[in-house]
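**Student:** I'd like to ask some things about the structure below.
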Amino acid sequence: MRIAAWLVSVCMSFVVGSAQAEPTQPNRNTDIEKVIEQQIEAFKADDFKSAFEYAAPGIQQRFGSPEKFAFTVIHRYPMVWRPSQVQYLKVEQYRDHALQTVMITDHNNTLHILVYEMVPIDKTWRIGGVKIVRQPKSDT
């Protein structure tokens with residue numbers, strides 16, 4: 001019950017905080033989910049070259065190479081690199097981008113809430129950035 005209340009609080013605080021612009025469609029977008037899932041599958045296989053291809057051009061330019069991208073993912077986003085469960089919570093679509101909220105359970109059974117910024121590039125979605133909205137504190 002405590003986890004459920006926490007999750008609702010996190011989701012609501014994100015919704016309130018991102019209400020600066022009215023979303024065009026707050027439903028699921030399976031095309032966005034597929035892109036994120038394909039990148040996660042590439043991470044699981046340690047295929048960072050393929051995972052890098054799902055990133056938007058700005059992210060690719062920022063990191064410069066799949067190897068530098070891999071280092072950041074492994075060290076700053078280990079829950080994305082080796083998730084045990086991924087659940088898509090909500091997508092907010094705007095004219096020029098979308099925000100996909102994702103709940104990831106890591107190998108320690110810890111829940112993480114992330115928001116993927118998705119941008120349309122050549123009639124497909126690409127990942128323009130990932131923000132950790134809530135990462136539970138360690139009990140140790």
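As shown in the structure tokens, the chain order sets the letters A, B, ...; within each chain, residues go from 1, and ligands are also counted from 1 in the order they appear.
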Select from stretch 30-81 of chain A every residue with an atom at most 9 Å from any atom of stretch 118-133 of chain A, then for each give the shortest pair of atoms and their distance in Å to one decimal, using only C-alpha atoms, rows by chain and rising number, as CSV.
**Tutor:**
```
residue,atom,partner,partner_atom,distance
A:Asp31,CA,A:Trp125,CA,7.3
A:Ile32,CA,A:Trp125,CA,6.2
A:Val35,CA,A:Trp125,CA,6.9
A:Ile36,CA,A:Ile127,CA,7.6
A:Glu53,CA,A:Arg126,CA,8.4
A:Tyr54,CA,A:Arg126,CA,5.4
A:Ala55,CA,A:Ile127,CA,4.6
A:Ala56,CA,A:Gly128,CA,5.0
A:Pro57,CA,A:Gly128,CA,8.0
A:Gly58,CA,A:Gly128,CA,7.2
A:Ile59,CA,A:Gly128,CA,6.3
A:Tyr77,CA,A:Ile132,CA,8.5
```
**Student:** Would you list the contacts of stretch 96-113 of chain A as a ChimeraX atom specification, taking every protein, DNA or RNA residue within 9 Å and counting only C-alpha atoms, but skipping same-chain residues closer than 3 positions in sequence?
**Tutor:** /A:7,10-11,23,28-29,32-33,78-80,82-93,116-120,125,128,131-136
**Student:** Run DSSP on the backbone and grab whatever in stretch 71-135 of chain A lands in helix (DSSP H, G or I); send it over as a ChimeraX atom specification.
**Tutor:** /A:71-76,78-81
**Student:** Neighbours of A:Ser65 within 12 Å (only C-alpha atoms; same-chain residues fewer than 2 positions away dropped), as a count of residues only?
**Tutor:** 19
